[in-house]
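Everything below belongs to structure_25.tsv, which stores TSV, C-alpha atoms and all ligand atoms.
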chain	number	residue	atom	x	y	z
O	1	MET	CA	-50.77	-25.09	-78.03
O	2	THR	CA	-48.42	-24.70	-75.09
O	3	THR	CA	-46.25	-27.68	-74.43
O	4	SER	CA	-43.82	-29.34	-72.09
O	5	LYS	CA	-42.96	-31.98	-74.71
O	6	LYS	CA	-39.42	-32.17	-76.03
O	7	PHE	CA	-38.95	-31.85	-79.77
O	8	ARG	CA	-35.20	-32.56	-79.72
O	9	PRO	CA	-35.44	-36.40	-79.85
O	10	TRP	CA	-38.04	-36.26	-82.64
O	11	ARG	CA	-35.95	-33.80	-84.65
O	12	ARG	CA	-32.93	-36.06	-84.21
O	13	LEU	CA	-34.96	-39.06	-85.32
O	14	ALA	CA	-36.25	-37.17	-88.40
O	15	GLY	CA	-32.69	-36.07	-89.24
O	16	ALA	CA	-31.31	-39.59	-88.80
O	17	LEU	CA	-34.02	-41.11	-91.02
O	18	GLU	CA	-33.38	-38.47	-93.66
O	19	ALA	CA	-29.62	-39.15	-93.53
O	20	VAL	CA	-30.20	-42.90	-93.93
O	21	ILE	CA	-32.45	-42.27	-96.95
O	22	ILE	CA	-30.15	-39.74	-98.66
O	23	LEU	CA	-27.02	-41.81	-98.01
O	24	GLY	CA	-28.75	-45.09	-98.89
O	25	ILE	CA	-30.59	-44.24	-102.13
O	26	PRO	CA	-27.43	-44.23	-104.36
O	27	PHE	CA	-26.72	-47.81	-103.21
O	28	LEU	CA	-30.24	-49.00	-104.03
O	29	LYS	CA	-30.57	-50.84	-107.35
O	30	ILE	CA	-33.79	-51.39	-109.29
O	31	ASN	CA	-33.66	-53.63	-112.38
O	32	GLY	CA	-29.86	-53.54	-112.17
O	33	GLU	CA	-29.68	-49.72	-112.30
O	34	SER	CA	-29.33	-47.05	-109.61
O	35	ALA	CA	-32.68	-46.13	-108.09
O	36	LEU	CA	-32.01	-42.41	-108.57
O	37	ARG	CA	-29.04	-41.17	-110.56
O	38	PHE	CA	-28.36	-38.83	-113.46
O	39	ASP	CA	-25.87	-40.58	-115.70
O	40	ILE	CA	-23.83	-37.78	-117.27
O	41	PRO	CA	-22.12	-39.72	-120.15
O	42	SER	CA	-25.45	-41.00	-121.53
O	43	LEU	CA	-27.51	-37.95	-120.36
O	44	ARG	CA	-30.22	-40.10	-118.80
O	45	LEU	CA	-31.91	-40.12	-115.44
O	46	HIS	CA	-32.55	-43.38	-113.62
O	47	PHE	CA	-35.73	-42.75	-111.68
O	48	PHE	CA	-36.88	-45.65	-109.53
O	49	GLY	CA	-36.92	-48.27	-112.29
O	50	LEU	CA	-37.62	-45.88	-115.17
O	51	THR	CA	-35.06	-44.34	-117.48
O	52	LEU	CA	-35.66	-40.80	-118.70
O	53	TRP	CA	-33.58	-39.48	-121.59
O	54	MET	CA	-32.64	-35.88	-122.19
O	55	GLU	CA	-35.49	-35.48	-124.72
O	56	GLU	CA	-37.99	-36.41	-122.00
O	57	PHE	CA	-36.81	-33.93	-119.40
O	58	PHE	CA	-40.02	-31.95	-119.81
O	59	ILE	CA	-41.50	-34.69	-117.55
O	60	LEU	CA	-39.03	-33.63	-114.85
O	61	LEU	CA	-39.95	-30.01	-115.44
O	62	ILE	CA	-43.55	-30.92	-114.54
O	63	ALA	CA	-42.20	-32.66	-111.39
O	64	VAL	CA	-40.25	-29.50	-110.48
O	65	ILE	CA	-43.38	-27.35	-110.94
O	66	PHE	CA	-45.34	-29.77	-108.72
O	67	LEU	CA	-42.62	-29.63	-106.04
O	68	THR	CA	-42.58	-25.82	-106.17
O	69	PHE	CA	-46.35	-25.60	-105.54
O	70	PHE	CA	-46.14	-28.38	-102.93
O	71	PHE	CA	-43.42	-26.52	-101.01
O	72	LEU	CA	-45.43	-23.29	-101.23
O	73	LEU	CA	-48.44	-25.13	-99.79
O	74	ILE	CA	-46.40	-26.68	-96.96
O	75	THR	CA	-44.91	-23.26	-96.19
O	76	LEU	CA	-48.34	-21.62	-96.12
O	77	LEU	CA	-49.67	-24.28	-93.75
O	78	PHE	CA	-46.69	-25.18	-91.59
O	79	GLY	CA	-44.25	-22.29	-92.02
O	80	ARG	CA	-40.58	-23.22	-91.84
O	81	ILE	CA	-41.19	-26.82	-90.83
O	82	TRP	CA	-38.81	-28.00	-93.56
O	83	CYS	CA	-36.04	-25.64	-92.38
O	84	GLY	CA	-36.26	-26.69	-88.75
O	85	TRP	CA	-36.75	-30.41	-89.15
O	86	LEU	CA	-35.40	-31.69	-92.47
O	87	CYS	CA	-33.22	-29.19	-94.33
O	88	PRO	CA	-29.75	-30.81	-94.59
O	89	GLN	CA	-28.22	-27.44	-93.66
O	90	THR	CA	-30.01	-27.59	-90.29
O	91	VAL	CA	-29.57	-31.33	-89.76
O	92	ILE	CA	-25.80	-31.24	-90.38
O	93	SER	CA	-25.41	-27.99	-88.43
O	94	ASP	CA	-27.08	-29.72	-85.46
O	95	LEU	CA	-24.89	-32.78	-85.93
O	96	THR	CA	-21.71	-30.67	-85.97
O	97	ARG	CA	-22.69	-28.35	-83.13
O	98	PHE	CA	-19.71	-29.68	-81.16
O	99	ALA	CA	-17.49	-27.59	-83.49
O	100	GLU	CA	-19.09	-24.38	-82.15
O	101	LYS	CA	-18.41	-25.38	-78.57
O	102	ALA	CA	-14.84	-26.57	-79.16
O	103	LYS	CA	-12.34	-24.77	-76.91
O	104	GLY	CA	-8.59	-25.28	-76.80
O	105	LEU	CA	-6.35	-26.14	-79.74
O	106	ALA	CA	-6.48	-29.95	-79.44
O	107	TYR	CA	-10.25	-30.07	-79.03
O	108	LYS	CA	-10.75	-27.59	-81.90
O	109	LEU	CA	-8.44	-29.61	-84.14
O	110	GLY	CA	-10.36	-32.81	-83.35
O	111	ALA	CA	-13.74	-31.10	-83.89
O	112	TYR	CA	-12.68	-29.55	-87.22
O	113	SER	CA	-11.26	-32.91	-88.38
O	114	ALA	CA	-14.63	-34.53	-87.63
O	115	VAL	CA	-16.44	-31.77	-89.59
O	116	PHE	CA	-13.96	-32.30	-92.45
O	117	LEU	CA	-14.67	-36.05	-92.47
O	118	ILE	CA	-18.43	-35.37	-92.55
O	119	SER	CA	-17.85	-32.92	-95.44
O	120	VAL	CA	-15.91	-35.59	-97.37
O	121	ILE	CA	-18.78	-38.08	-96.94
O	122	VAL	CA	-21.52	-35.53	-97.73
O	123	SER	CA	-19.76	-34.36	-100.92
O	124	ALA	CA	-19.12	-37.97	-102.03
O	125	ASN	CA	-22.79	-38.71	-101.35
O	126	LEU	CA	-23.78	-35.83	-103.66
O	127	ILE	CA	-21.49	-37.17	-106.40
O	128	TRP	CA	-23.07	-40.65	-106.04
O	129	TYR	CA	-26.24	-39.18	-107.53
O	130	PHE	CA	-24.20	-38.79	-110.73
O	131	ILE	CA	-21.58	-41.55	-110.52
O	132	ASP	CA	-22.55	-45.04	-109.33
O	133	PRO	CA	-21.06	-45.49	-105.81
O	134	TYR	CA	-20.29	-49.12	-106.68
O	135	GLU	CA	-17.83	-47.70	-109.26
O	136	PHE	CA	-16.86	-44.54	-107.37
O	137	ILE	CA	-15.75	-46.18	-104.11
O	138	PRO	CA	-13.38	-48.84	-105.57
O	139	GLN	CA	-11.96	-46.28	-108.00
O	140	ALA	CA	-11.39	-43.77	-105.18
O	141	MET	CA	-9.71	-46.41	-103.01
O	142	GLU	CA	-7.40	-47.42	-105.85
O	143	GLY	CA	-6.75	-43.76	-106.82
O	144	ARG	CA	-8.32	-44.29	-110.26
O	145	LEU	CA	-10.94	-41.51	-110.16
O	146	GLY	CA	-10.67	-39.13	-113.11
O	147	ASP	CA	-9.27	-35.61	-112.68
O	148	VAL	CA	-12.70	-34.01	-113.11
O	149	THR	CA	-14.25	-36.23	-110.43
O	150	TRP	CA	-11.36	-35.59	-108.03
O	151	GLY	CA	-11.71	-31.86	-108.74
O	152	PHE	CA	-15.44	-31.88	-107.99
O	153	TRP	CA	-14.99	-33.94	-104.85
O	154	ILE	CA	-12.25	-31.71	-103.46
O	155	THR	CA	-14.10	-28.48	-104.36
O	156	LEU	CA	-17.41	-29.69	-102.91
O	157	THR	CA	-15.67	-30.90	-99.76
O	158	GLY	CA	-14.01	-27.49	-99.35
O	159	ILE	CA	-17.30	-25.59	-99.82
O	160	ILE	CA	-19.22	-27.84	-97.41
O	161	PHE	CA	-16.43	-27.73	-94.81
O	162	LEU	CA	-16.22	-23.92	-94.90
O	163	ASN	CA	-20.01	-23.70	-94.81
O	164	PHE	CA	-20.22	-25.76	-91.61
O	165	ILE	CA	-17.24	-24.07	-89.98
O	166	LEU	CA	-17.98	-20.44	-90.88
O	167	LEU	CA	-21.60	-20.02	-91.90
O	168	ARG	CA	-23.65	-22.80	-90.35
O	169	GLN	CA	-27.23	-21.57	-89.69
O	170	ARG	CA	-26.27	-18.03	-90.75
O	171	PHE	CA	-26.55	-19.50	-94.25
O	172	CYS	CA	-30.35	-19.64	-93.77
O	173	ALA	CA	-30.69	-15.95	-92.94
O	174	THR	CA	-28.19	-14.65	-95.49
O	175	ILE	CA	-27.96	-16.89	-98.57
O	176	CYS	CA	-30.86	-19.37	-98.74
O	177	PRO	CA	-33.41	-18.17	-101.37
O	178	TYR	CA	-36.16	-20.44	-99.99
O	179	ALA	CA	-35.88	-18.70	-96.60
O	180	LYS	CA	-36.41	-15.32	-98.28
O	181	LEU	CA	-39.45	-16.57	-100.18
O	182	GLN	CA	-41.12	-17.95	-97.06
O	183	GLY	CA	-41.80	-14.55	-95.50
O	184	VAL	CA	-44.29	-13.68	-98.24
O	185	MET	CA	-46.04	-17.06	-98.02
O	186	TYR	CA	-47.20	-16.73	-94.42
O	187	ASP	CA	-50.75	-15.77	-93.53
O	188	ASP	CA	-52.39	-15.30	-90.13
O	189	LYS	CA	-52.95	-19.07	-89.72
O	190	THR	CA	-49.51	-20.39	-90.64
O	191	LEU	CA	-47.81	-22.58	-88.03
O	192	VAL	CA	-45.07	-20.58	-86.26
O	193	ILE	CA	-42.89	-20.83	-83.18
O	194	ALA	CA	-43.64	-17.94	-80.85
O	195	PHE	CA	-43.38	-16.72	-77.29
O	196	ASP	CA	-46.75	-16.85	-75.53
O	197	THR	CA	-47.20	-13.19	-74.67
O	198	ARG	CA	-50.33	-14.05	-72.67
O	199	ARG	CA	-48.02	-15.60	-70.06
O	200	LYS	CA	-45.11	-13.17	-70.29
O	201	GLU	CA	-45.17	-12.50	-66.54
O	202	GLU	CA	-44.09	-16.10	-65.98
O	203	CYS	CA	-40.81	-15.59	-67.86
O	204	MET	CA	-37.85	-15.94	-65.49
O	205	ASP	CA	-35.61	-14.00	-67.85
O	206	CYS	CA	-33.12	-16.84	-67.57
O	207	GLY	CA	-31.98	-16.34	-71.19
O	208	ALA	CA	-31.80	-20.09	-71.88
O	209	CYS	CA	-33.92	-19.72	-75.04
O	210	VAL	CA	-31.61	-17.03	-76.44
O	211	LYS	CA	-28.47	-19.01	-75.56
O	212	ALA	CA	-29.78	-22.11	-77.32
O	213	CYS	CA	-30.84	-20.27	-80.47
O	214	PRO	CA	-28.48	-21.15	-83.35
O	215	VAL	CA	-29.24	-17.84	-85.10
O	216	ASN	CA	-28.90	-15.73	-81.95
O	217	ILE	CA	-32.35	-14.22	-81.79
O	218	ASP	CA	-34.61	-13.54	-78.82
O	219	ILE	CA	-37.98	-15.03	-79.68
O	220	ARG	CA	-39.56	-13.05	-76.84
O	221	GLU	CA	-39.13	-9.89	-78.90
O	222	GLY	CA	-41.44	-11.27	-81.59
O	223	MET	CA	-41.10	-13.29	-84.75
O	224	SER	CA	-38.00	-12.86	-86.83
O	225	ASN	CA	-37.26	-13.75	-90.46
O	226	ALA	CA	-34.02	-15.32	-89.24
O	227	CYS	CA	-35.87	-17.91	-87.10
O	228	ILE	CA	-35.47	-21.35	-88.70
O	229	ASN	CA	-38.15	-22.97	-86.51
O	230	CYS	CA	-35.68	-25.44	-85.04
O	231	ALA	CA	-37.70	-25.65	-81.79
O	232	GLN	CA	-34.58	-25.58	-79.60
O	233	CYS	CA	-35.89	-22.60	-77.65
O	234	ILE	CA	-39.09	-24.57	-76.91
O	235	ASP	CA	-37.07	-27.42	-75.39
O	236	GLU	CA	-34.84	-25.07	-73.38
O	237	CYS	CA	-37.79	-23.16	-71.98
O	238	ALA	CA	-39.58	-26.46	-71.22
O	239	ASP	CA	-36.52	-27.47	-69.15
O	240	MET	CA	-36.47	-24.16	-67.29
O	241	MET	CA	-40.20	-23.96	-66.71
O	242	GLY	CA	-40.21	-27.66	-65.81
O	243	HIS	CA	-38.42	-26.75	-62.56
O	244	ARG	CA	-41.54	-24.76	-61.65
O	245	GLU	CA	-43.81	-27.49	-63.00
O	246	ARG	CA	-45.00	-25.15	-65.72
O	247	LYS	CA	-45.14	-25.64	-69.45
O	248	SER	CA	-42.83	-23.97	-71.93
O	249	LEU	CA	-43.58	-20.33	-72.67
O	250	ILE	CA	-42.45	-20.84	-76.25
O	251	SER	CA	-44.35	-23.17	-78.52
O	252	TYR	CA	-45.89	-23.89	-81.90
O	253	PHE	CA	-48.93	-21.77	-82.70
O	254	PHE	CA	-51.15	-21.43	-85.73
O	255	GLY	CA	-50.83	-17.70	-86.37
O	256	LEU	CA	-50.63	-16.07	-82.95
O	257	PRO	CA	-50.64	-17.57	-79.44
O	258	GLY	CA	-54.21	-18.73	-78.95
O	259	GLY	CA	-54.78	-19.00	-82.72
O	260	THR	CA	-56.29	-22.09	-84.30
O	261	GLY	CA	-55.24	-23.83	-87.47
O	262	LYS	CA	-57.63	-23.93	-90.38
O	263	ILE	CA	-56.20	-26.04	-93.16
O	264	LEU	CA	-59.08	-25.52	-95.60
O	265	ARG	CA	-58.63	-21.83	-96.33
O	266	ARG	CA	-58.98	-20.38	-99.80
O	267	ASN	CA	-55.31	-19.80	-100.65
O	268	ALA	CA	-54.38	-23.27	-99.31
O	269	VAL	CA	-57.11	-24.95	-101.36
O	270	MET	CA	-55.97	-23.11	-104.49
O	271	LEU	CA	-52.31	-24.02	-103.98
O	272	GLY	CA	-53.23	-27.61	-103.09
O	273	SER	CA	-55.39	-27.96	-106.21
O	274	VAL	CA	-52.64	-26.66	-108.51
O	275	ALA	CA	-50.06	-28.95	-106.85
O	276	ALA	CA	-52.41	-31.95	-107.17
O	277	ALA	CA	-53.08	-31.16	-110.85
O	278	PHE	CA	-49.34	-31.08	-111.62
O	279	LEU	CA	-48.81	-34.30	-109.65
O	280	VAL	CA	-51.52	-36.09	-111.66
O	281	PHE	CA	-50.06	-34.71	-114.91
O	282	PHE	CA	-46.56	-35.85	-113.89
O	283	ALA	CA	-47.82	-39.36	-113.00
O	284	TYR	CA	-49.74	-39.56	-116.29
O	285	LEU	CA	-46.67	-38.54	-118.34
O	286	LEU	CA	-44.44	-40.92	-116.41
O	287	PHE	CA	-46.62	-44.00	-116.59
O	288	SER	CA	-48.10	-43.49	-120.06
O	289	ARG	CA	-44.76	-42.99	-121.78
O	290	VAL	CA	-43.71	-45.59	-124.34
O	291	ALA	CA	-40.00	-46.38	-124.34
O	292	LEU	CA	-39.91	-46.07	-128.12
O	293	ASP	CA	-40.20	-43.18	-130.53
O	294	MET	CA	-40.36	-43.18	-134.32
O	295	VAL	CA	-40.11	-40.46	-136.97
O	296	ILE	CA	-40.77	-41.29	-140.64
O	297	LEU	CA	-39.31	-39.24	-143.48
O	298	PRO	CA	-39.40	-39.91	-147.26
O	299	ASN	CA	-36.19	-41.43	-148.59
O	300	TYR	CA	-35.19	-38.73	-151.06
O	301	SER	CA	-32.47	-40.89	-152.58
O	302	PHE	CA	-35.12	-43.43	-153.63
O	303	PRO	CA	-38.18	-41.70	-155.18
O	304	PRO	CA	-41.45	-43.67	-155.58
O	305	LYS	CA	-41.40	-45.89	-158.67
O	306	ILE	CA	-43.24	-48.64	-160.53
O	307	THR	CA	-41.06	-51.68	-161.25
O	308	GLU	CA	-41.01	-53.53	-164.58
O	309	ASP	CA	-43.26	-56.25	-163.17
O	310	GLY	CA	-45.88	-53.64	-162.11
O	311	ARG	CA	-45.22	-53.21	-158.40
O	312	ALA	CA	-45.28	-49.77	-156.71
O	313	VAL	CA	-42.29	-49.15	-154.45
O	314	ASN	CA	-41.92	-46.33	-151.88
O	315	SER	CA	-39.00	-45.87	-149.57
O	316	TYR	CA	-38.80	-44.09	-146.20
O	317	ILE	CA	-36.19	-43.41	-143.55
O	318	LEU	CA	-37.30	-44.66	-140.13
O	319	SER	CA	-35.68	-42.95	-137.13
O	320	LEU	CA	-36.16	-45.24	-134.16
O	321	ARG	CA	-35.20	-44.17	-130.66
O	322	ASN	CA	-35.14	-46.62	-127.78
O	323	THR	CA	-35.82	-44.47	-124.71
O	324	GLY	CA	-35.96	-47.45	-122.37
O	325	GLY	CA	-33.22	-49.00	-120.30
O	326	LYS	CA	-33.10	-52.29	-122.26
O	327	ASP	CA	-32.40	-53.36	-125.87
O	328	ILE	CA	-35.50	-54.10	-127.93
O	329	ALA	CA	-36.11	-56.22	-131.04
O	330	LEU	CA	-38.74	-54.69	-133.33
O	331	LYS	CA	-40.81	-55.75	-136.29
O	332	VAL	CA	-42.29	-53.41	-138.93
O	333	ASP	CA	-45.91	-53.69	-139.99
O	334	VAL	CA	-47.87	-51.71	-142.62
O	335	ASN	CA	-51.64	-51.18	-142.78
O	336	GLY	CA	-54.15	-49.03	-144.61
O	337	ILE	CA	-53.41	-49.96	-148.21
O	338	SER	CA	-55.02	-52.60	-150.41
O	339	GLY	CA	-52.95	-54.94	-152.47
O	340	SER	CA	-50.23	-57.43	-151.78
O	341	ILE	CA	-47.58	-55.79	-149.54
O	342	ALA	CA	-43.92	-56.67	-149.08
O	343	ILE	CA	-41.65	-54.93	-146.55
O	344	ILE	CA	-37.87	-54.68	-146.44
O	345	PRO	CA	-36.35	-55.25	-143.91
O	346	GLU	CA	-38.39	-58.37	-143.24
O	347	GLY	CA	-36.61	-59.53	-140.11
O	348	ASP	CA	-36.23	-58.05	-136.63
O	349	ILE	CA	-34.58	-54.69	-136.04
O	350	THR	CA	-32.62	-54.45	-132.78
O	351	VAL	CA	-32.31	-51.02	-131.18
O	352	VAL	CA	-30.06	-50.96	-128.12
O	353	ALA	CA	-30.99	-48.93	-125.04
O	354	GLY	CA	-30.68	-45.24	-125.74
O	355	GLU	CA	-29.84	-45.73	-129.43
O	356	LEU	CA	-31.22	-43.57	-132.23
O	357	LYS	CA	-31.25	-45.90	-135.23
O	358	LYS	CA	-31.98	-44.74	-138.76
O	359	ILE	CA	-32.89	-47.41	-141.30
O	360	PRO	CA	-34.26	-47.33	-144.86
O	361	LEU	CA	-37.64	-48.99	-145.26
O	362	TYR	CA	-38.94	-50.23	-148.62
O	363	ILE	CA	-42.64	-50.96	-149.11
O	364	THR	CA	-43.72	-52.74	-152.25
O	365	VAL	CA	-47.39	-53.03	-153.27
O	366	LYS	CA	-48.61	-55.44	-155.92
O	367	ASP	CA	-52.12	-55.68	-157.41
O	368	PHE	CA	-53.02	-52.16	-156.31
O	369	ASN	CA	-55.86	-50.02	-157.60
O	370	GLU	CA	-54.53	-48.66	-160.91
O	371	LYS	CA	-56.47	-45.38	-160.51
O	372	ALA	CA	-54.96	-44.55	-157.11
O	373	LEU	CA	-52.45	-41.69	-157.01
O	374	LYS	CA	-51.79	-41.48	-153.30
O	375	SER	CA	-52.81	-43.43	-150.24
O	376	ASN	CA	-52.49	-42.91	-146.49
O	377	ILE	CA	-50.70	-45.80	-144.88
O	378	PHE	CA	-49.96	-46.63	-141.24
O	379	ILE	CA	-46.46	-47.84	-140.45
O	380	SER	CA	-46.06	-49.54	-137.07
O	381	VAL	CA	-43.04	-50.84	-135.21
O	382	LYS	CA	-43.71	-53.16	-132.33
O	383	SER	CA	-41.62	-55.15	-129.92
O	384	ILE	CA	-41.56	-58.86	-130.71
O	385	LYS	CA	-41.83	-59.50	-126.96
O	386	SER	CA	-44.53	-57.08	-125.83
O	387	ASP	CA	-47.65	-55.88	-127.64
O	388	LYS	CA	-47.67	-52.81	-125.39
O	389	LEU	CA	-44.45	-51.49	-126.92
O	390	ARG	CA	-45.81	-50.32	-130.25
O	391	VAL	CA	-45.68	-47.03	-132.15
O	392	THR	CA	-47.71	-46.20	-135.26
O	393	ARG	CA	-47.25	-43.24	-137.58
O	394	ARG	CA	-49.10	-42.17	-140.71
O	395	ALA	CA	-47.27	-41.73	-144.03
O	396	ASN	CA	-48.13	-41.16	-147.69
O	397	PHE	CA	-47.72	-43.93	-150.24
O	398	ILE	CA	-47.40	-42.51	-153.75
O	399	PHE	CA	-48.24	-44.30	-157.00
O	400	PRO	CA	-46.14	-42.50	-159.63
O	501	LIG	S1	-35.96	-18.63	-82.13
O	501	LIG	FE1	-36.17	-20.75	-81.44
O	501	LIG	S2	-36.98	-21.82	-83.21
O	501	LIG	FE2	-36.20	-19.87	-83.95
O	501	LIG	S3	-34.12	-20.35	-84.59
O	501	LIG	FE3	-33.98	-19.61	-82.47
O	501	LIG	S4	-34.07	-21.47	-81.25
O	501	LIG	FE4	-34.75	-22.04	-83.30
O	502	LIG	S1	-36.18	-19.87	-71.58
O	502	LIG	FE1	-38.32	-19.42	-71.11
O	502	LIG	S2	-38.22	-18.57	-69.08
O	502	LIG	FE2	-36.12	-18.49	-69.83
O	502	LIG	S3	-35.95	-16.46	-70.79
O	502	LIG	FE3	-36.60	-17.85	-72.39
O	502	LIG	S4	-38.83	-17.66	-72.41
O	502	LIG	FE4	-38.14	-16.82	-70.43

Produce structure tokens that represent the structure in this file.
Amino acid sequence: MTTSKKFRPWRRLAGALEAVIILGIPFLKINGESALRFDIPSLRLHFFGLTLWMEEFFILLIAVIFLTFFFLLITLLFGRIWCGWLCPQTVISDLTRFAEKAKGLAYKLGAYSAVFLISVIVSANLIWYFIDPYEFIPQAMEGRLGDVTWGFWITLTGIIFLNFILLRQRFCATICPYAKLQGVMYDDKTLVIAFDTRRKEECMDCGACVKACPVNIDIREGMSNACINCAQCIDECADMMGHRERKSLISYFFGLPGGTGKILRRNAVMLGSVAAAFLVFFAYLLFSRVALDMVILPNYSFPPKITEDGRAVNSYILSLRNTGGKDIALKVDVNGISGSIAIIPEGDITVVAGELKKIPLYITVKDFNEKALKSNIFISVKSIKSDKLRVTRRANFIFP
């Protein structure tokens, strides 16, 4: 797959689209809440219209496992495609490349100021995934941000600024754990960027590919773990070889120059199957969840009794948790026992979003079977607005 095509404009387009998405998502609202934000005070995650509470974070754990297998699959098939095209470290390093070239005090000062401004925006953007930007921005402009938020913003800005002034793409070769993992994921059909050794005689030894490389490697000497697959050497060589009306000597190859890609190989199918299974499990957990949970315990301060007029009374403590984003009004219902049943409380029970409400429940049964000692009953709570929002639990009803 030798090419004279330029990847630079496409990489820029991919980076720009990614920046728009990452910067824009905190401003997107769904049902009046942020599309994607972890709200620290209430320990809940707003996830594209759904609200996940701390107790439900196992659902996110499944999403993380899916993403891990998905990234392993992408790495096996397409190598460091993420690093070269979409990793924010690469995208911002490309965007701030002017800082590397800055010469002279005034130009350097201007370039570093621009990198600092980008660092301020990037760090604020990270914080917006925790604090609503519609609150953050006015508060920041009026100087009303809390000390902790200011502290985080300043610290993050400092780290990002130093990263893009001192480390830049060296971060990928030295610190990034994903980069280290990728080496062991490659097989002989993984997509790589390589020098076409079959045409090595055509190389003009102009050095343009080495000069353009952000991690200072010479791809002609063979593949290197430090290569982030940014494709800049391809474009540079395409320019140079273009003068001779030849195609670039450096290009994408599946495995080795001349190799062919074979997506359906055993390790890829296995990884893909595991990733798909976790994705299906995640979707099932996400869409089958009911925004209501109930735990029933006996009310030990009110043991089962028979009243003077012959009614059996049992009391329970209902723990109701509203795991949705909206308040709900609930009604209690009891089934599974014969006789005339009365329930206290009779009216609606309102549980506000995120609330764990504990209420005593009294069930009175009249005209019951005199010989019964114990009976299984089914206690349900259901939303007065939606039949779908209903939880049923089994409990014992005792006739003392
Ligand atoms: S060798 Fe080429 S693809 Fe690899 S980092 Fe250098 S310029 Fe980018
Ligand atoms: S840019 Fe192309 S022609 Fe120039 S040294 Fe690199 S591989 Fe050779």

*Go through the chains and note each residue within 8 Å of ligand LIG 501 (chain O), using all atoms listed in the file, then give the set as a ChimeraX atom specification.*
/O:84,193-194,209-210,212-219,223-224,226-234

*Residue nearest Val351 (chain O) - candidates O:Leu43, O:Ala63, O:Ile92, O:Val381, atoms counted: all atoms listed in the file*: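 Ranked by minimum distance to Val351 (chain O), first place goes to O:Val381.
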
*Kindly work out which residues sit at most 6 Å from ligand LIG 502 (chain O), using all atoms listed in the file, and give the list as a list in words.*
Cys203, Met204, Asp205, Cys206, Gly207, Ala208, Cys209, Glu236, Cys237 and Leu249 of chain O

*Record the distance separating CA of Lys371 (chain O) and CA of Glu308 (chain O), expressed in Å with one decimal.*
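These atoms are spaced 17.9 Å apart.
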
*Using all atoms listed in the file, determine which residues lie at most 7 Å from Asp39 (chain O), disregarding the query and same-chain residues fewer than 3 positions distant; provide the list as a PyMOL selection string.*
chain O and resi 42-45+130-131

*Which polymer residues have any atom within 12 Å of an atom of region 16-23 of chain O, counting all atoms listed in the file, with same-chain residues fewer than 2 positions away left out, as a ChimeraX atom specification?*
/O:9-14,25-28,35-36,82,85-92,94-95,118,121-129,133

Could you write out that same residue set with C-alpha atoms as a PDB file, in the coordinates of the input?
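Writing done, so here's out.pdb:
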ATOM      1  CA  PRO O   9     -35.440 -36.400 -79.850  1.00  0.00           C
ATOM      2  CA  TRP O  10     -38.040 -36.260 -82.640  1.00  0.00           C
ATOM      3  CA  ARG O  11     -35.950 -33.800 -84.650  1.00  0.00           C
ATOM      4  CA  ARG O  12     -32.930 -36.060 -84.210  1.00  0.00           C
ATOM      5  CA  LEU O  13     -34.960 -39.060 -85.320  1.00  0.00           C
ATOM      6  CA  ALA O  14     -36.250 -37.170 -88.400  1.00  0.00           C
ATOM      7  CA  ILE O  25     -30.590 -44.240-102.130  1.00  0.00           C
ATOM      8  CA  PRO O  26     -27.430 -44.230-104.360  1.00  0.00           C
ATOM      9  CA  PHE O  27     -26.720 -47.810-103.210  1.00  0.00           C
ATOM     10  CA  LEU O  28     -30.240 -49.000-104.030  1.00  0.00           C
ATOM     11  CA  ALA O  35     -32.680 -46.130-108.090  1.00  0.00           C
ATOM     12  CA  LEU O  36     -32.010 -42.410-108.570  1.00  0.00           C
ATOM     13  CA  TRP O  82     -38.810 -28.000 -93.560  1.00  0.00           C
ATOM     14  CA  TRP O  85     -36.750 -30.410 -89.150  1.00  0.00           C
ATOM     15  CA  LEU O  86     -35.400 -31.690 -92.470  1.00  0.00           C
ATOM     16  CA  CYS O  87     -33.220 -29.190 -94.330  1.00  0.00           C
ATOM     17  CA  PRO O  88     -29.750 -30.810 -94.590  1.00  0.00           C
ATOM     18  CA  GLN O  89     -28.220 -27.440 -93.660  1.00  0.00           C
ATOM     19  CA  THR O  90     -30.010 -27.590 -90.290  1.00  0.00           C
ATOM     20  CA  VAL O  91     -29.570 -31.330 -89.760  1.00  0.00           C
ATOM     21  CA  ILE O  92     -25.800 -31.240 -90.380  1.00  0.00           C
ATOM     22  CA  ASP O  94     -27.080 -29.720 -85.460  1.00  0.00           C
ATOM     23  CA  LEU O  95     -24.890 -32.780 -85.930  1.00  0.00           C
ATOM     24  CA  ILE O 118     -18.430 -35.370 -92.550  1.00  0.00           C
ATOM     25  CA  ILE O 121     -18.780 -38.080 -96.940  1.00  0.00           C
ATOM     26  CA  VAL O 122     -21.520 -35.530 -97.730  1.00  0.00           C
ATOM     27  CA  SER O 123     -19.760 -34.360-100.920  1.00  0.00           C
ATOM     28  CA  ALA O 124     -19.120 -37.970-102.030  1.00  0.00           C
ATOM     29  CA  ASN O 125     -22.790 -38.710-101.350  1.00  0.00           C
ATOM     30  CA  LEU O 126     -23.780 -35.830-103.660  1.00  0.00           C
ATOM     31  CA  ILE O 127     -21.490 -37.170-106.400  1.00  0.00           C
ATOM     32  CA  TRP O 128     -23.070 -40.650-106.040  1.00  0.00           C
ATOM     33  CA  TYR O 129     -26.240 -39.180-107.530  1.00  0.00           C
ATOM     34  CA  PRO O 133     -21.060 -45.490-105.810  1.00  0.00           C
TER      35      PRO O 133
END

_I'd like the interatomic distance between CA of Leu279 (chain O) and CA of Phe38 (chain O), to a tenth of an Å._
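Answer for the CA of Leu279 (chain O) to CA of Phe38 (chain O) separation: 21.3 Å.
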